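J.: Here it is: the structure, laid out below.
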Amino acid sequence: MRDLARLVKRKAKYGVECFREFMQPIKLPARRERIRINFNFHVEDIADTETYIAFREFVKGLADAAQAKPLLCVTTPHCPQTRCQMKQNHLCEEEYEERVKELARYSEIGYHGHFFSKKKGKLDGAVAEWIGDMLYSMAWADGLNPMGSSNFERAVVENQMREEIAWLKGIGIEPFAYVAGWWFMNEDVALLLEQNGIKIDFSVRQRHPDTFGGRYLQNGSLPPHGEPFILPPTKGVIEVRSVFYPVEHPRRSKEFFRDTVVHSPDSPLYVVFPSHEGEAIHFSRELMDNALATRRMKGIFEWQDLSTQLSEISSSLGLA
Ligand SMILES: [Zn+2]
């Protein structure tokens, strides 16, 4: 009986400690130069009408709340997966074009590359254990397989990238930004981006490999916390890191940002929140709350269009 009383007392004490910790406000120090921030959406499902409408409404609200245009990196009808989705949704090219143009009214538009191969690829390391064969057993475009480092074909990427960028230019959009499908990037893709006029990329994450488990740049070779750099081996494609999907309560996001906020407070830092249409629909409240919370932290964050980020960083790196 005495043991039970002791156990109850210990549990109660633990509960109080947890509660106290939970109630502590998380205070982040102000910075002399703020962290430039915005959203970068990987847009790959707007051939679906319901998704498109919900996403469009979210983007309108977000641009208004953040007082900055989010960056939407889109796939085009020259992506095999998008072509497949258009077929399934009975959507013609002109209708897809209208959707991209409509989204461009509230956002800036970049390019999102998803490449496919007839050959099945391999998954590396921990990802292979975690995701198993799922990635390759899913129904992708017309029986094609997602392209990563193990089934990479430069010519496929080169042709598709040229066609997709030409398609965007053909509808009056000059895509200056890129983010990789499945976070897959390598030297060849980086150089092709440069050849195709892409100026800024968001495909490198600090701690995470690509979806196939591969890593193009090792963590040790990356500058710390939000410092932009030139994507090797290019001479002028700027890399800005994608941080975390903002799908949790802003309090948790504050914890995630702690190390970045205290890093080099006299220099501007640059980050983007990555996201997809799916999160914008299923986690719309969390995404919006994170946008509003970072907007309220005026001594720390500055919401900025990505084209403005690009010109600021270009001048600071001597590229402009
Ligand atoms: Zn994608």
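Each chain of the structure tokens is named A, B, ... in the order shown, its residues numbered from 1; ligands are numbered from 1 in display order.
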Taking a cut-off of 10 Å and counting only C-alpha atoms and all ligand atoms, can you build a table that, for each residue of chain A near ligand 1, reports the nearest atom pair and how far apart they are in Å (one decimal), sorted by chain then residue number, as a Markdown table?
T.:
| residue | atom | partner | partner_atom_place_in_ligand_line | distance |
| --- | --- | --- | --- | --- |
| A:Phe41 | CA | ligand 1 | 1 (Zn) | 9.0 |
| A:His42 | CA | ligand 1 | 1 (Zn) | 5.3 |
| A:Val43 | CA | ligand 1 | 1 (Zn) | 6.7 |
| A:Glu44 | CA | ligand 1 | 1 (Zn) | 5.9 |
| A:Asp45 | CA | ligand 1 | 1 (Zn) | 8.9 |
| A:Cys73 | CA | ligand 1 | 1 (Zn) | 9.0 |
| A:Val74 | CA | ligand 1 | 1 (Zn) | 8.6 |
| A:Thr75 | CA | ligand 1 | 1 (Zn) | 8.2 |
| A:His112 | CA | ligand 1 | 1 (Zn) | 6.6 |
| A:Gly113 | CA | ligand 1 | 1 (Zn) | 7.3 |
| A:His114 | CA | ligand 1 | 1 (Zn) | 6.4 |
| A:Phe115 | CA | ligand 1 | 1 (Zn) | 10.0 |
| A:Val179 | CA | ligand 1 | 1 (Zn) | 8.2 |
| A:Ala180 | CA | ligand 1 | 1 (Zn) | 6.9 |
| A:Gly181 | CA | ligand 1 | 1 (Zn) | 4.0 |
| A:Trp182 | CA | ligand 1 | 1 (Zn) | 5.8 |
| A:Trp183 | CA | ligand 1 | 1 (Zn) | 7.9 |
| A:Phe184 | CA | ligand 1 | 1 (Zn) | 9.9 |
| A:Ser275 | CA | ligand 1 | 1 (Zn) | 9.4 |
| A:His276 | CA | ligand 1 | 1 (Zn) | 7.7 |
| A:Glu277 | CA | ligand 1 | 1 (Zn) | 9.9 |
J.: Using only C-alpha atoms, determine which residues lie at most 10 Å from A:Arg31, disregarding the query and same-chain residues fewer than 6 positions distant; provide the list as a list in words.
T.: Val261, Val262, His263, Ser264, Pro265, Asp266, Ser267, Pro268, Lys298, Gly299, Ile300 and Phe301 of chain A
J.: Record the distance separating atom CA of A:Gly172 and atom CA of A:Ile109, expressed in Å with one decimal.
T.: 10.7 Å
J.: Which residue gives the smallest distance to A:Asn40 among A:Arg258, A:Arg251, A:Arg241, A:Lys119, with only C-alpha atoms counted?
T.: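 Looking at the shortest contact to A:Asn40, the residue is A:Arg241.
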J.: Nearest to A:Gly61: which of A:Pro209, A:Leu168, A:Ala5, A:Tyr106 is it, counting only C-alpha atoms?
T.: A:Tyr106
J.: I need the strand (DSSP E) residues of stretch 74-312 of chain A per DSSP on the backbone, written as number ranges by chain.
T.: A: 74, 108-113, 116-117, 145-146, 177-180, 200-201, 229-230, 238-239, 241-242, 269-276, 301-303
J.: For stretch 186-202 of chain A, list every protein, DNA or RNA residue within 6 Å, evaluated using only C-alpha atoms, and leave out those in the same chain fewer than 6 positions away; present the list as JSON, numbers by chain.
T.: {"A": [176, 177, 178, 179, 216, 234, 237, 238, 239, 240, 241, 242]}
J.: Using C-alpha atoms, can you export the residues from the last selection as a PDB file, in the first residue's frame?
T.:
ATOM      1  CA  PHE A 176      13.843  31.202 -61.925  1.00  0.00           C
ATOM      2  CA  ALA A 177      13.546  28.607 -59.162  1.00  0.00           C
ATOM      3  CA  TYR A 178      13.643  24.822 -58.859  1.00  0.00           C
ATOM      4  CA  VAL A 179      12.889  22.141 -56.327  1.00  0.00           C
ATOM      5  CA  TYR A 216      24.300  14.488 -53.160  1.00  0.00           C
ATOM      6  CA  THR A 234      27.544  25.134 -60.905  1.00  0.00           C
ATOM      7  CA  VAL A 237      22.881  28.471 -58.984  1.00  0.00           C
ATOM      8  CA  ILE A 238      22.092  29.650 -55.441  1.00  0.00           C
ATOM      9  CA  GLU A 239      21.065  27.082 -52.853  1.00  0.00           C
ATOM     10  CA  VAL A 240      18.654  28.022 -50.079  1.00  0.00           C
ATOM     11  CA  ARG A 241      17.803  25.265 -47.638  1.00  0.00           C
ATOM     12  CA  SER A 242      14.329  23.806 -47.156  1.00  0.00           C
TER      13      SER A 242
END
J.: Which of stretch 3-156 of chain A end up as alpha helix (DSSP H) when DSSP is run on this backbone - answer as a PyMOL selection string?
T.: chain A and resi 3-23+49-66+80-88+93-104+125-131+134-137+154-156
J.: Next, the residues of the selection above should be written as an mmCIF file, in the first residue's frame with C-alpha atoms.
T.:
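Saved the output as part.cif:
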data_model
loop_
_atom_site.group_PDB
_atom_site.id
_atom_site.type_symbol
_atom_site.label_atom_id
_atom_site.label_comp_id
_atom_site.auth_asym_id
_atom_site.auth_seq_id
_atom_site.Cartn_x
_atom_site.Cartn_y
_atom_site.Cartn_z
ATOM 1 C CA ASP A 3 4.548 1.425 -2.379
ATOM 2 C CA LEU A 4 1.428 2.408 -4.232
ATOM 3 C CA ALA A 5 1.240 5.767 -2.394
ATOM 4 C CA ARG A 6 4.903 6.393 -3.225
ATOM 5 C CA LEU A 7 4.301 5.559 -6.883
ATOM 6 C CA VAL A 8 1.283 7.895 -7.076
ATOM 7 C CA LYS A 9 3.325 10.689 -5.471
ATOM 8 C CA ARG A 10 6.215 10.173 -7.890
ATOM 9 C CA LYS A 11 3.860 10.146 -10.903
ATOM 10 C CA ALA A 12 2.129 13.314 -9.688
ATOM 11 C CA LYS A 13 5.505 15.064 -9.279
ATOM 12 C CA TYR A 14 6.514 14.004 -12.791
ATOM 13 C CA GLY A 15 3.189 15.295 -14.151
ATOM 14 C CA VAL A 16 3.706 18.696 -12.493
ATOM 15 C CA GLU A 17 7.242 18.947 -13.914
ATOM 16 C CA CYS A 18 5.997 18.140 -17.428
ATOM 17 C CA PHE A 19 3.224 20.689 -17.100
ATOM 18 C CA ARG A 20 5.669 23.354 -15.853
ATOM 19 C CA GLU A 21 7.974 22.692 -18.779
ATOM 20 C CA PHE A 22 5.060 22.791 -21.181
ATOM 21 C CA MET A 23 3.886 26.144 -19.807
ATOM 22 C CA THR A 49 -9.981 19.550 -59.757
ATOM 23 C CA GLU A 50 -10.913 19.242 -56.084
ATOM 24 C CA THR A 51 -7.261 19.516 -55.037
ATOM 25 C CA TYR A 52 -6.709 22.463 -57.364
ATOM 26 C CA ILE A 53 -9.648 24.459 -56.019
ATOM 27 C CA ALA A 54 -8.794 23.828 -52.351
ATOM 28 C CA PHE A 55 -5.124 24.632 -52.963
ATOM 29 C CA ARG A 56 -5.881 27.804 -54.919
ATOM 30 C CA GLU A 57 -8.048 29.116 -52.074
ATOM 31 C CA PHE A 58 -5.348 28.275 -49.537
ATOM 32 C CA VAL A 59 -2.645 30.054 -51.565
ATOM 33 C CA LYS A 60 -4.811 33.188 -51.859
ATOM 34 C CA GLY A 61 -5.294 33.256 -48.076
ATOM 35 C CA LEU A 62 -1.637 32.571 -47.390
ATOM 36 C CA ALA A 63 -0.382 35.350 -49.681
ATOM 37 C CA ASP A 64 -2.732 37.705 -47.910
ATOM 38 C CA ALA A 65 -1.777 36.620 -44.383
ATOM 39 C CA ALA A 66 1.975 36.541 -44.987
ATOM 40 C CA PRO A 80 4.901 11.782 -67.433
ATOM 41 C CA GLN A 81 3.167 11.722 -64.043
ATOM 42 C CA THR A 82 1.261 14.943 -64.680
ATOM 43 C CA ARG A 83 0.287 13.724 -68.156
ATOM 44 C CA CYS A 84 -1.108 10.609 -66.547
ATOM 45 C CA GLN A 85 -3.076 12.613 -63.967
ATOM 46 C CA MET A 86 -4.456 14.858 -66.717
ATOM 47 C CA LYS A 87 -5.665 11.786 -68.581
ATOM 48 C CA GLN A 88 -7.304 10.368 -65.464
ATOM 49 C CA GLU A 93 -3.451 21.120 -71.772
ATOM 50 C CA GLU A 94 -5.233 24.483 -72.069
ATOM 51 C CA GLU A 95 -7.105 23.792 -68.825
ATOM 52 C CA TYR A 96 -3.868 22.879 -67.044
ATOM 53 C CA GLU A 97 -2.307 26.066 -68.410
ATOM 54 C CA GLU A 98 -5.238 28.119 -67.064
ATOM 55 C CA ARG A 99 -4.731 26.597 -63.610
ATOM 56 C CA VAL A 100 -1.024 27.487 -63.520
ATOM 57 C CA LYS A 101 -1.757 31.021 -64.749
ATOM 58 C CA GLU A 102 -4.475 31.476 -62.138
ATOM 59 C CA LEU A 103 -2.116 30.327 -59.351
ATOM 60 C CA ALA A 104 0.511 32.757 -60.688
ATOM 61 C CA GLY A 125 20.409 2.667 -46.388
ATOM 62 C CA ALA A 126 17.792 3.342 -43.740
ATOM 63 C CA VAL A 127 15.246 4.462 -46.345
ATOM 64 C CA ALA A 128 15.260 0.985 -47.889
ATOM 65 C CA GLU A 129 14.302 -0.519 -44.513
ATOM 66 C CA TRP A 130 11.748 2.150 -43.791
ATOM 67 C CA ILE A 131 9.978 2.452 -47.120
ATOM 68 C CA MET A 134 6.770 0.757 -51.703
ATOM 69 C CA LEU A 135 8.171 3.553 -53.833
ATOM 70 C CA TYR A 136 8.632 1.180 -56.756
ATOM 71 C CA SER A 137 5.435 -0.779 -56.297
ATOM 72 C CA ARG A 154 20.977 12.170 -68.008
ATOM 73 C CA ALA A 155 19.383 12.331 -71.472
ATOM 74 C CA VAL A 156 15.872 11.769 -70.041
#
J.: Go through A:Phe256, A:Tyr111, A:Tyr270, A:Phe116 and flag the residue nearest A:Phe229, using only C-alpha atoms for the distances.
T.: A:Tyr270
J.: Between atom CA of A:Ile26 and atom CA of A:Glu248, what is the distance, to one decimal in Å?
T.: 15.2 Å
J.: How far is it from atom CA of A:Ile173 to atom CA of A:Asp210, in Å with one decimal?
T.: 27.9 Å
J.: From the list A:Ser117, A:Thr260, A:Thr294, A:Asn159, which residue is nearest A:Trp140 when using only C-alpha atoms?
T.: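 Between A:Ser117, A:Thr260, A:Thr294, A:Asn159, the residue approaching A:Trp140 most closely is A:Ser117.
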J.: Please provide as an MDAnalysis selection string all residues within 10 Å of A:Arg285, with the sequence filter that same-chain residues fewer than 4 positions apart are discarded (counting only C-alpha atoms).
T.: chainID A and resid 58 247:249 279:281 289:291
J.: Quick one: write out the picked residues with N, CA and C atoms as a PDB file, in the first residue's frame?
T.:
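Ended up saving to selection_26.pdb:
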ATOM      1  N   PHE A  58      -6.333  28.195 -50.610  1.00  0.00           N
ATOM      2  CA  PHE A  58      -5.348  28.275 -49.537  1.00  0.00           C
ATOM      3  C   PHE A  58      -4.241  29.273 -49.898  1.00  0.00           C
ATOM      4  N   VAL A 247       3.911  21.466 -40.242  1.00  0.00           N
ATOM      5  CA  VAL A 247       2.622  20.801 -39.988  1.00  0.00           C
ATOM      6  C   VAL A 247       2.370  20.597 -38.494  1.00  0.00           C
ATOM      7  N   GLU A 248       3.227  21.216 -37.660  1.00  0.00           N
ATOM      8  CA  GLU A 248       3.011  21.091 -36.222  1.00  0.00           C
ATOM      9  C   GLU A 248       2.653  22.455 -35.633  1.00  0.00           C
ATOM     10  N   HIS A 249       2.317  22.458 -34.360  1.00  0.00           N
ATOM     11  CA  HIS A 249       1.973  23.703 -33.684  1.00  0.00           C
ATOM     12  C   HIS A 249       3.183  24.653 -33.719  1.00  0.00           C
ATOM     13  N   GLU A 279      -0.552  18.920 -47.881  1.00  0.00           N
ATOM     14  CA  GLU A 279      -0.434  19.552 -46.559  1.00  0.00           C
ATOM     15  C   GLU A 279      -1.276  20.829 -46.507  1.00  0.00           C
ATOM     16  N   ALA A 280      -1.292  21.562 -47.627  1.00  0.00           N
ATOM     17  CA  ALA A 280      -2.063  22.809 -47.642  1.00  0.00           C
ATOM     18  C   ALA A 280      -3.548  22.528 -47.411  1.00  0.00           C
ATOM     19  N   ILE A 281      -3.977  21.314 -47.751  1.00  0.00           N
ATOM     20  CA  ILE A 281      -5.383  20.967 -47.567  1.00  0.00           C
ATOM     21  C   ILE A 281      -5.594  20.313 -46.189  1.00  0.00           C
ATOM     22  N   ASP A 289      -1.054  28.895 -39.276  1.00  0.00           N
ATOM     23  CA  ASP A 289      -0.604  29.327 -37.943  1.00  0.00           C
ATOM     24  C   ASP A 289       0.904  29.565 -37.924  1.00  0.00           C
ATOM     25  N   ASN A 290       1.646  28.704 -38.605  1.00  0.00           N
ATOM     26  CA  ASN A 290       3.103  28.886 -38.650  1.00  0.00           C
ATOM     27  C   ASN A 290       3.477  30.142 -39.440  1.00  0.00           C
ATOM     28  N   ALA A 291       2.727  30.399 -40.511  1.00  0.00           N
ATOM     29  CA  ALA A 291       2.976  31.625 -41.287  1.00  0.00           C
ATOM     30  C   ALA A 291       2.706  32.851 -40.412  1.00  0.00           C
TER      31      ALA A 291
END
J.: Please provide the set of residues having any atom within 12 Å of A:Leu222, restricted to only C-alpha atoms, with same-chain residues fewer than 4 positions apart removed, written as a PyMOL selection string.
T.: chain A and resi 204-207+215-218+226-232+239-241
J.: Using only C-alpha atoms, can you tell me which of A:Ala47, A:Pro224, A:Pro246, A:Met138 comes closest to A:Leu292?
T.: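 Smallest separation from A:Leu292 among the options: A:Pro246.
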